Every structure is written in structure tokens, then in C-alpha cells.
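Structure first, then comments.
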Amino acid sequence: MASSLPTPSTQNAADDSPRFKYAPALACLLLGLMGFLAGGTALRESATFDEAAHIGAGVSYWQKLDLRFNEEHPPLAKMIAAIPLILGGTRADYSHISWTNSTKFLPNAFLGEWVFGEWLLTRWNEPVHTLAWARLPMLVLTLILGWVVFLYARKIGGDWGGLLCLSAYVSTPTFIVFGPLVLTDLAVTLFCLLTVWRFADLWQEPTRKNAGLFGICLAGALLSKFSSGLLFLAFGAFALSTRFLALPETPLGKPELRAWRRLRWQWTRKGVWLAAIVVYCFYFVFSLNQSTDALYLIGHSSAWVPLRRLLMPPWLYLRGLLFFAVSSNRPAFILGHGYPHGEWFYFPIMLVLKSPLSFLGLLALAPAMALVEKRGWRRFSAIPQAEALRWRVLWVSLAVFVAGCMASRMTISIRHFTIPIVILIVMLAPLPRMIQSLHREVPSWARGAGVLAGLLAASSLLTAARTYPNYFPFLNALTWSHPVYWWASDSNVDFNQALPVVRKFADQRGLKVLDLDAYGSNDPTVTVPQARFWNCQLPTPDDANQWVVVSSNMIMDGHNCTWLMQYPHEMLAGGSMWAVRLPPAIPPAGAAGGPPPPSEQRQLMRAPEDFRLFFLKLIQHPEQLPQASADMEAQMRKYFQK
């Protein structure tokens with residue numbers, strides 16, 4: 001892999017970069033475009049699959065200093081999203097059974113978080129404005145990440161390198177659509193990129209300041225998502241690389257090289273300790289009012305409460321990490337086939353299918369130019385000597401995160417691949433300098449490469465603008481041969497965000513009742529008053545000759561409902577959902593043109609029953625939570641006793 005990458009110059013080439021004094025201003029314009037596209041899209045969308053639980057959890061962390069909800073994800077991103085809600089006086093009823101029944105982690109709090117979040121978002125507060133205010137900080141984080149991409153790429157590739165990378169970032173549908181959502185993916189991407197860069201700074205100049213900045217950024221990553229633990233593998237892999245691949249900074253003698261590494265490891269450990277202290281303090285403060293009964297084995301009397309309180313932060317973090325690890329084995333769907341768990345080829349294929357073709361062109365042009373550079377008429381490297389160590393850290397981190405994603409048992413969405421994507425984008429930074437170098441030797445080739453790079457960047461921006469606001473189901477022209485629901489599922493296509501479009505469809509046709517097979521366990525009637533829960537595998541005679549709406553995720557993956565698509569249908573929200581006009585007489589199950597027989601029916605996520613209906617009943621009748629928790633606990637005990 002390293003052989004196709006630009007190697008560091010023997011001289012500092014930073015001053016060789018073409019300058020553009022208006023680069024920061026143009027960067028602000030690009031970020032403004034992204035803010036318009038991402039923010040405008042977010043305002044048009046309903047709450048997605050996970051957002052209600054995340055918003056409710058984030059508000060409760062601030063108001064109650066209690067981390068009982070959503071332990072499977074660290075709290076930072078949810079708390080950032082909740083800041084405007086706290087400042088705006090968002091109401092939460094802590095006498096509600098969804099809170100009082102959730103003192104135990106599993107299954108009580110796991111069930112309660114969905115009900116509590118749904119009630120906070122849709123019953124206790126006005127849903128549209130509450131959702132918009134919760135998404136605003138996440139949009140700001142997305143724009144901050146864009147500015148960081150520009151600054152880091154500019155450091156490596158000059159003004160034009162920074163602008164090229166920022167153009168790629170702001171036009172990537174994955175970042176536009178997931179950035180404003182109350183999820184953990186963009187937050188962990190931001191903090192991981194900051195951590196990787198600060199790690200490089202620390203190894204370049206091991207000082208107290210750099211160790212402190214590294215530790216704070218690492219703490220932000222660890223508080224955003226558990227998968228950030230891959231950073232530690234990246235640190236080790238980089239250190240190992242210095243044993244075999246020299247850097248301009250590394251001494252030549254073995255004793256000197258050992259001393260060089262030892263000093264940097266010492267400061268790295270100090271940064272890691274600082275991160276651990278920050279994470280501990282964060283969990284300690286925001287769990288002050290949480291019951292310590294989970295640690296009753298340490299001691300039952302009140303004398304043991306202080307010790308139990310001190311041990312709560314590591315207990316909560318490790319328990320969440322364990323739950324995340326146990327629940328990370330999910331069925332995958334890609335290219336018309338379902339798999340019982342994640343597959344190694346999932347993310348590479350999704351990257352190709354869900355990236356603008358122009359971005360793929362840039363990814364192909366950069367290594368091609370690097371090969372020309374290596375085999376060219378004179379030795380030149382697009383990487384300044386001063387940036388060689390950072391460049392090494394970047395491509396080593398990319399390799400580690402790509403390997404981690406490909407080895408994962410949970411390959412369900414491109415949003416879990418955002419860290420490798422953003423590193424790939426930053427690594428496009430040397431391209432303008434490589435083109436400039438070629439201009440000195442073969443001007444005609446350089447002009448062609450420069451025009452091509454400019455056209456690709458402009459095409460990416462045009463694609464982003466043309467796709468607005470349907471970024472969830474975006475697939476490039478390589479997928480023309482099949483409908484979107486054949487290629488992918490989950491939030492690659494639909495994340496329950498298109499309910500406003502469904503309501504518009506129902507209103508335009510004057511429908512009083514609309515059967516809806518949605519991808520989510522939220523109450524759809526909040527957005528679509530006409531909606532009625534429906535399973536496309538189980539139509540009734542009363543459904544004949546009626547309009548129904550089904551999520552793309554339920555046609556081949558969540559359910560087996562390809563039979564619907566032979567009848568008149570309309571695409572909604574760019575392909576996230578489909579409206580279908582059922583025939584005057586619905587054929588029986590298993591017959592030609594009819595729904596599948598029971599033996600060929602399936603449930604979302606291959607669950608034994610339709611959990612959407614289970615959660616919908618709990619949302620509508622929260623008084624059933626204690627019994628539902630007891631039943632689930634009994635099932636869990638029975639399962640683990642086998």
C-alpha cells in the first residue's frame with residue numbers, strides 16, 4: 001500500500017505550493033453551501049431510527065446527572081445535541097413510568113430509553129422544533145469537521161490541496177445527510193481525525209502542550225463512540241512502522257532510535273492517562289444521581305456507597321462497551337442478498353456505490369499521479385519533509401480503520417465507514433502539488449490533469465446540489481441496472497426520515513387511512529396522521545385496491561415483499577419509500593402475484609417477531625413496560641441457561 005503513496009521530499013516543499021490568498025474565504029463559501037444542503041435536508045426529515053432515544057438520553061444526562069439510558073453509546077454526542085434543548089427549557093417528565101421503571105440496565109433501561117425518548121420528542125414537547133434544535137449542534141460539528149479537513153489538507157497540500165479536499169468533503173452525500181442527525185458517527189469522526197493529527201504532532205514534538213491536546217482529543221473520541229478504540233491499534237501500528245520505514249525525523253543509530261521512540265511513548269502514555277482521567281471525570285459527574293445498586297456485590301451497607309460511587313465510571317463505560325460488543329453482530333444486506341453477519345466486502349462496495357463518480361475519479365487520479373511522480377523524470381515528492389510524519393500517521397490510521405471495518409461483524413451502513421472516508425479525503429491533499437510538479441516537465445499533461453481535477457471537484461459539487469434533498473438513497477450511476485432496494489438497505493437507503501413526504505402523498509390524494517410498512521419503531525402518526533401499521537407480507541382483503549406505502553428496506557431485506565412492485569407504484573423521497581396501488585383482488589399467499597407464503601416470510605433484522613409492533617405498543621401504552629421488562633428478562637435468563 002505504501003508503495004503507491006507519495007514519499008516525503010528531501011527538502012521542505014511547503015513553499016512550492018501555489019498560493020491562493022482567497023482560500024479561507026472560498027472555504028467558508030463551500031462550508032456555507034454544505035450548511036444549506038445539510039441543514040435544509042434535516043429540516044425536511046422526520047426523526048430517524050435512533051434519534052428519539054439519543055435525544056431523550058442526552059436531555060436526561062444534563063437534567064438528572066444519570067446515565068441510565070443508551071449505555072451502548074458513550075454520552076458526549078448526545079449531550080452536545082441536547083444543549084439547545086436544555087437552554088430552551090425542554091420538558092421531560094421524570095415521574096413517567098419509562099423513567100421510573102428503568103433503574104436496571106437490561107432489559108428495563110434498554111426498553112425505557114425508546115419510550116422515554118419518543119414521549120420527550122413527540123408528547124411532552126413540540127416535535128418539529130425540538131428535533132430541529134437538537135440537530136443544530138450536530139450540523140455545527142459537521143461544519144467544524146469540514147474546517148478541520150480544510151486546515152489539515154492545506155497543511156499538507158497548500159491552499160489548493162485544502163480547497164480540493166474540502167470540496168470533496170462538502171459534496172459527499174454521506175456527510176451531508178448524516179452530519180446533522182443526532183447520532184454518534186460524525187462526532188467520533190471529528191475527534192478521531194483530531195486525535196490522529198495531534199498524535200502526529202506529539203511524535204514530531206513531544207511536549208507537555210502536545211500531550212495535553214492529544215489527550216483531550218482522545219478523550220473526545222472515547223466519549224463519542226466505542227469503536228474509537230481502534231485508535232490505540234493505529235498508534236501501535238505507526239510506532240511499529242518506524243522500525244522498518246525510516247522517517248526524516250528518526251535517528252539512524254539503533255540506540256538513538258530507541259531513545260527517540262522511548263521519549264515519544266512516554267509522552268503518549270501521559271496523553272492517554274489524561275484522556276482516561278477526562279473520561280472518568282465525565283462519567284463520574286454525569287452519573288452522580290445514578291443508582292449504584294449494580295455494584296451491590298462490593299457491599300450492601302451505606303458504608304460501601306462511596307466506593308461504589310467511585311467505581312461507577314469504569315463500570316458504566318465497560319458495561320456499555322461489553323453491550324456494544326455483544327450486540328454488534330447484525331445481519332447484513334447487499335447486492336440483493338442477506339447475510340447472517342457482517343461481510344468483509346461490504347464497506348468497499350458501499351464506498352464505490354454511494355460516492356459520487358467524480359469523487360471516485362479523484363481517488364483514482366491521486367495514486368496515478370503518485371506513480372507518475374515516482375517514475376518521472378526527476379525526483380520530487382508532493383509531501384513536504386516537515387509533513388512526512390503526519391502523512392505516515394494518516395495512511396497507517398487509514399489502514400487500521402479500514403481493516404477494523406472490514407473485520408467487523410456489523411456492516412449495515414456507510415455511516416460506520418466515515419472515519420476511513422474522511423482520512424481518504426485528507427489524503428487527496430498532495431494532488432495539486434503533484435500536478436504542479438508535472439507542469440515543470442510535461443506542461444500539456446499537467447494542464448490536462450489540472451483541468452480533470454477541477455472538473456471532478458466541480459462535478460462533485462454539482463452532484464450534491466442535484467441530489468438535494470434525497471441524500472439517504474443516493475447511489476451513483478453504476479447502479480442503474482437494479483432498483484435501490486436491491487443494492488443496499490438500512491440507512492444506506494431509508495432511515496425513517498421520509499415520513500413528511502408520505503404525509504404529503506396522503507394529503508394530495510385525500511387518503512383518510514394509509515397502510516404504512518415503515519423502517520422504524522417510532523409512532524408514525526405523529527408525522528402522518530393517516531398512517532396505520534402494516535406488514536407488507538400480511539395484506540388483508542380490505543387492503544385491496546388501496547394505496548399502501550412501504551420502505552425500500554422492507555421490500556427485500558426486512559420483509560419479503562417484491563410481489564408489490566409488479567403493481568402500479570410511485571417512488572417517494574428519491575427511492576427511500578414506495579407508494580403502491582394494490583390490485584382489486586389480492587392473490588392468496590404463495591400464489592402468483594401475491595404475498596409470500598409463511599415459510600418465505602421474514603422479519604426485520606431476522607428477529608423472531610416484528611419488534612416494531614412491540615415497541616409501538618409500548619410507546620402507546622407505556623404502562624406495559626414493567627411486564628414487558630419482566631418477560632424479556634425471563635427470555636434472557638432462559639437463553640443464557642441453555
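The chains in the C-alpha cells are called A, B, ... from first to last as shown; in each chain the residues are counted from 1, and the ligands are counted from 1 in the order shown.
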
Just the residues within 7 Å of stretch 405-419 of chain A, please, counting only C-alpha atoms, with nothing from its chain fewer than 3 positions along; format it as a ChimeraX atom specification. /A:174,185,189,328-330,332,341-347,350,401-402,422-423,490-492

With only C-alpha atoms as the counted atoms, please give the residues lying no more than 12 Å from A:Pro483, apart from itself and same-chain residues fewer than 3 positions off, as a VMD selection string. chain A and resid 335 to 336 473 to 480 486 to 489 493 552 to 553 555 to 556 562 565 571 574 to 578

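For the pair atom CA of A:Leu183 and atom CA of A:Pro314, the interatomic distance is 23.0 Å.
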
Would you please give, as a ChimeraX atom specification, all residues of stretch 249-335 of chain A that DSSP assigns to alpha helix (DSSP H) based on the backbone? /A:254-285,305-326

Given only C-alpha atoms, how would the per-residue table for stretch 134-222 of chain A near stretch 47-59 of chain A read, listing every residue at most 8 Å away with its closest atom pair and distance in Å to one decimal, sorted by chain and number, as CSV?
residue,atom,partner,partner_atom,distance
A:Ala134,CA,A:Ile55,CA,7.1
A:Leu181,CA,A:Glu51,CA,7.3
A:Val182,CA,A:Glu51,CA,5.5
A:Leu183,CA,A:Glu51,CA,6.7

Okay, now the selection with N, CA and C atoms, as a short mmCIF file (atom, residue, chain, number, x, y, z; two decimals), in the first residue's frame?
data_model
loop_
_atom_site.label_atom_id
_atom_site.label_comp_id
_atom_site.auth_asym_id
_atom_site.auth_seq_id
_atom_site.Cartn_x
_atom_site.Cartn_y
_atom_site.Cartn_z
N ALA A 134 -32.31 20.07 18.29
CA ALA A 134 -31.35 19.01 18.64
C ALA A 134 -30.36 18.76 17.51
N LEU A 181 -27.73 14.73 11.91
CA LEU A 181 -28.56 13.82 12.70
C LEU A 181 -27.96 13.60 14.09
N VAL A 182 -28.82 13.33 15.05
CA VAL A 182 -28.38 13.11 16.43
C VAL A 182 -27.91 11.66 16.54
N LEU A 183 -26.73 11.43 15.99
CA LEU A 183 -26.06 10.13 16.00
C LEU A 183 -24.63 10.34 16.49
#

Given only C-alpha atoms as the basis, pick out the residue of A:Phe244, A:Trp395, A:Phe191, A:Tyr283 nearest to A:Trp62.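 With only C-alpha atoms as the atom set, the closest residue is A:Tyr283.
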
Neighbour list for stretch 223-232 of chain A as an MDAnalysis selection string, cut-off 9 Å, only C-alpha atoms, skip fewer than 3 positions in-chain: chainID A and resid 72:78 184:185 187:189 191:192 195:196 218:220 235:237 279 282 320:321 324:325 397 400:401 404

Quick one: pick out all strand (DSSP E or B) residues within stretch 91-338 of chain A from a backbone DSSP run and write them as an MDAnalysis selection string. chainID A and resid 332:334 337:338

Can I get the selection written as a short mmCIF file (atom, residue, chain, number, x, y, z; two decimals), in the first residue's frame, with C-alpha atoms?
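The resulting file, part_24.cif, is reproduced below:
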data_model
loop_
_atom_site.label_atom_id
_atom_site.label_comp_id
_atom_site.auth_asym_id
_atom_site.auth_seq_id
_atom_site.Cartn_x
_atom_site.Cartn_y
_atom_site.Cartn_z
CA ALA A 332 -26.16 -7.56 6.54
CA PHE A 333 -27.81 -6.97 3.18
CA ILE A 334 -26.08 -6.02 -0.06
CA HIS A 337 -28.56 -10.95 -0.72
CA GLY A 338 -28.85 -11.15 3.03
#

Ranking A:Pro331, A:Pro588, A:Ala630, A:Leu616 by minimum distance to A:Phe533 and counting only C-alpha atoms, which one comes first?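 Looking at the shortest contact to A:Phe533, the residue is A:Leu616.
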
With only C-alpha atoms as the counted atoms, please give the residues lying no more than 12 Å from stretch 620-628 of chain A, apart from itself and same-chain residues fewer than 6 positions off, as an NGL selection string. :A and (96-104 or 106-116 or 118-119 or 122-123 or 521-526 or 613-614 or 634-635)

Output of the above residues as a short mmCIF file (atom, residue, chain, number, x, y, z; two decimals), in the first residue's frame, restricted to N, CA and C atoms:
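Written out: result26.cif:
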data_model
loop_
_atom_site.label_atom_id
_atom_site.label_comp_id
_atom_site.auth_asym_id
_atom_site.auth_seq_id
_atom_site.Cartn_x
_atom_site.Cartn_y
_atom_site.Cartn_z
N HIS A 96 -42.66 9.73 34.88
CA HIS A 96 -43.22 8.82 33.89
C HIS A 96 -42.63 7.42 34.08
N ILE A 97 -43.42 6.43 33.78
CA ILE A 97 -43.00 5.06 34.03
C ILE A 97 -41.80 4.65 33.18
N SER A 98 -41.61 5.29 32.04
CA SER A 98 -40.45 4.97 31.22
C SER A 98 -39.15 5.33 31.92
N TRP A 99 -39.20 6.28 32.86
CA TRP A 99 -38.02 6.64 33.66
C TRP A 99 -37.96 5.82 34.95
N THR A 100 -39.05 5.75 35.67
CA THR A 100 -39.03 5.09 36.98
C THR A 100 -38.82 3.59 36.86
N ASN A 101 -39.19 3.00 35.73
CA ASN A 101 -39.02 1.55 35.55
C ASN A 101 -37.65 1.19 34.99
N SER A 102 -36.78 2.18 34.79
CA SER A 102 -35.53 1.95 34.06
C SER A 102 -34.30 2.01 34.93
N THR A 103 -34.44 1.72 36.22
CA THR A 103 -33.26 1.76 37.09
C THR A 103 -32.30 0.61 36.79
N LYS A 104 -32.83 -0.50 36.31
CA LYS A 104 -31.98 -1.64 35.93
C LYS A 104 -31.59 -1.50 34.46
N LEU A 106 -30.44 -3.83 31.92
CA LEU A 106 -31.09 -4.74 30.99
C LEU A 106 -32.12 -5.57 31.73
N PRO A 107 -33.33 -5.66 31.14
CA PRO A 107 -33.77 -5.01 29.90
C PRO A 107 -34.50 -3.69 30.13
N ASN A 108 -34.67 -3.30 31.42
CA ASN A 108 -35.56 -2.18 31.73
C ASN A 108 -35.15 -0.88 31.04
N ALA A 109 -33.89 -0.46 31.25
CA ALA A 109 -33.44 0.81 30.67
C ALA A 109 -33.38 0.73 29.15
N PHE A 110 -33.03 -0.44 28.63
CA PHE A 110 -32.97 -0.60 27.18
C PHE A 110 -34.34 -0.39 26.55
N LEU A 111 -35.38 -0.92 27.18
CA LEU A 111 -36.73 -0.70 26.67
C LEU A 111 -37.20 0.72 26.96
N GLY A 112 -36.88 1.20 28.15
CA GLY A 112 -37.37 2.51 28.57
C GLY A 112 -36.83 3.65 27.74
N GLU A 113 -35.59 3.54 27.25
CA GLU A 113 -34.99 4.66 26.52
C GLU A 113 -35.77 5.01 25.26
N TRP A 114 -36.34 4.00 24.60
CA TRP A 114 -37.10 4.25 23.38
C TRP A 114 -38.43 4.93 23.69
N VAL A 115 -39.08 4.49 24.75
CA VAL A 115 -40.36 5.09 25.13
C VAL A 115 -40.14 6.50 25.66
N PHE A 116 -39.16 6.67 26.54
CA PHE A 116 -38.87 7.99 27.11
C PHE A 116 -38.51 8.99 26.01
N GLU A 118 -39.25 8.87 22.80
CA GLU A 118 -40.39 9.16 21.94
C GLU A 118 -41.36 10.13 22.62
N TRP A 119 -41.61 9.92 23.90
CA TRP A 119 -42.52 10.82 24.61
C TRP A 119 -41.91 12.21 24.76
N THR A 122 -42.18 13.82 21.18
CA THR A 122 -43.47 13.97 20.49
C THR A 122 -44.66 14.25 21.40
N ARG A 123 -44.54 13.98 22.70
CA ARG A 123 -45.67 14.21 23.61
C ARG A 123 -45.45 15.40 24.53
N SER A 521 -39.33 2.04 14.66
CA SER A 521 -40.29 1.71 15.71
C SER A 521 -40.92 2.97 16.30
N ASN A 522 -40.69 4.13 15.67
CA ASN A 522 -41.34 5.36 16.12
C ASN A 522 -42.83 5.30 15.80
N ASP A 523 -43.58 6.17 16.46
CA ASP A 523 -45.01 6.29 16.17
C ASP A 523 -45.18 7.14 14.92
N PRO A 524 -45.55 6.56 13.78
CA PRO A 524 -45.62 7.34 12.54
C PRO A 524 -46.76 8.34 12.51
N THR A 525 -47.78 8.15 13.36
CA THR A 525 -48.93 9.05 13.31
C THR A 525 -48.58 10.46 13.77
N VAL A 526 -47.45 10.64 14.44
CA VAL A 526 -47.01 11.98 14.82
C VAL A 526 -46.79 12.83 13.58
N LEU A 613 -43.72 -3.54 16.05
CA LEU A 613 -45.04 -3.54 16.68
C LEU A 613 -44.92 -3.61 18.19
N PHE A 614 -43.92 -4.36 18.67
CA PHE A 614 -43.67 -4.47 20.10
C PHE A 614 -43.37 -3.09 20.70
N ALA A 634 -37.02 -12.76 31.58
CA ALA A 634 -37.21 -14.21 31.66
C ALA A 634 -36.69 -14.89 30.40
N GLN A 635 -36.92 -14.30 29.24
CA GLN A 635 -36.41 -14.86 27.99
C GLN A 635 -34.89 -14.84 27.96
#

Stretch 391-506 of chain A near stretch 19-36 of chain A within 10 Å: what's each residue's closest atom pair and its distance in Å to one decimal, counting only C-alpha atoms, ordered by chain then ascending residue number, as CSV?
residue,atom,partner,partner_atom,distance
A:Leu461,CA,A:Leu30,CA,9.2
A:Ala464,CA,A:Met34,CA,9.0
A:Ala465,CA,A:Leu33,CA,9.0

Which is closest to A:Met434 among A:Pro251, A:Gly161, A:Gly299, A:Gly593, if we use only C-alpha atoms?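 Once distances to A:Met434 are computed over only C-alpha atoms, the minimum belongs to A:Gly161.
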
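Between A:Ala457 and the residues A:Arg319, A:Pro529, A:Leu362, A:Ser444, the shortest atom-to-atom distance, using only C-alpha atoms, involves A:Leu362.
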
Of the listed residues A:Tyr94, A:Trp445, A:Tyr169, A:Tyr339, that which approaches A:Phe150 most closely, counting only C-alpha atoms: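 Distance minimum relative to A:Phe150 lands on A:Tyr169.
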
Excluding A:Gly361 and any residue of its chain fewer than 5 positions from it, enumerate the residues within 9 Å of it, using only C-alpha atoms, and give them as number ranges by chain. A: 356, 366, 453, 456

Just to be explicit: take each residue in the selection above, keep N, CA and C atoms, and write the result as an mmCIF file, in the first residue's frame.
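This went into again27.cif:
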data_model
loop_
_atom_site.group_PDB
_atom_site.id
_atom_site.type_symbol
_atom_site.label_atom_id
_atom_site.label_comp_id
_atom_site.auth_asym_id
_atom_site.auth_seq_id
_atom_site.Cartn_x
_atom_site.Cartn_y
_atom_site.Cartn_z
ATOM 1 N N PRO A 356 -20.051 9.895 -5.119
ATOM 2 C CA PRO A 356 -20.166 10.454 -6.471
ATOM 3 C C PRO A 356 -19.058 9.916 -7.364
ATOM 4 N N ALA A 366 -5.330 10.520 -7.894
ATOM 5 C CA ALA A 366 -4.242 10.782 -6.940
ATOM 6 C C ALA A 366 -3.159 9.704 -6.977
ATOM 7 N N ALA A 453 -8.862 17.406 -12.607
ATOM 8 C CA ALA A 453 -9.101 17.520 -11.166
ATOM 9 C C ALA A 453 -10.141 18.595 -10.870
ATOM 10 N N LEU A 456 -13.584 17.322 -11.870
ATOM 11 C CA LEU A 456 -14.075 16.315 -10.930
ATOM 12 C C LEU A 456 -14.587 16.970 -9.650
#

Can you pull out every residue within 10 Å of A:Pro587, counting only C-alpha atoms, but drop anything in the same chain fewer than 5 positions away, and send it as a short mmCIF file (atom, residue, chain, number, x, y, z; two decimals) with C-alpha atoms, in the first residue's frame?
data_model
loop_
_atom_site.label_atom_id
_atom_site.label_comp_id
_atom_site.auth_asym_id
_atom_site.auth_seq_id
_atom_site.Cartn_x
_atom_site.Cartn_y
_atom_site.Cartn_z
CA PRO A 539 -52.22 -7.99 3.44
CA PRO A 541 -58.80 -8.47 1.71
CA ALA A 544 -57.43 -4.46 -2.00
CA ALA A 592 -48.65 -15.76 -8.47
CA GLY A 593 -48.78 -12.03 -7.85
CA GLY A 594 -49.47 -12.50 -4.16
CA PRO A 595 -47.54 -12.17 -0.90
#

Got a sec: who's within 8 Å of A:Pro180, counting only C-alpha atoms, leaving out chain neighbours fewer than 5 positions off, as a ChimeraX atom specification? /A:38-39,42,135-140,142

Can you tell me how far atom CA of A:Val548 sits from atom CA of A:Tyr468, in Å to one decimal?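 Atom CA of A:Tyr468 lies 25.3 Å from atom CA of A:Val548.
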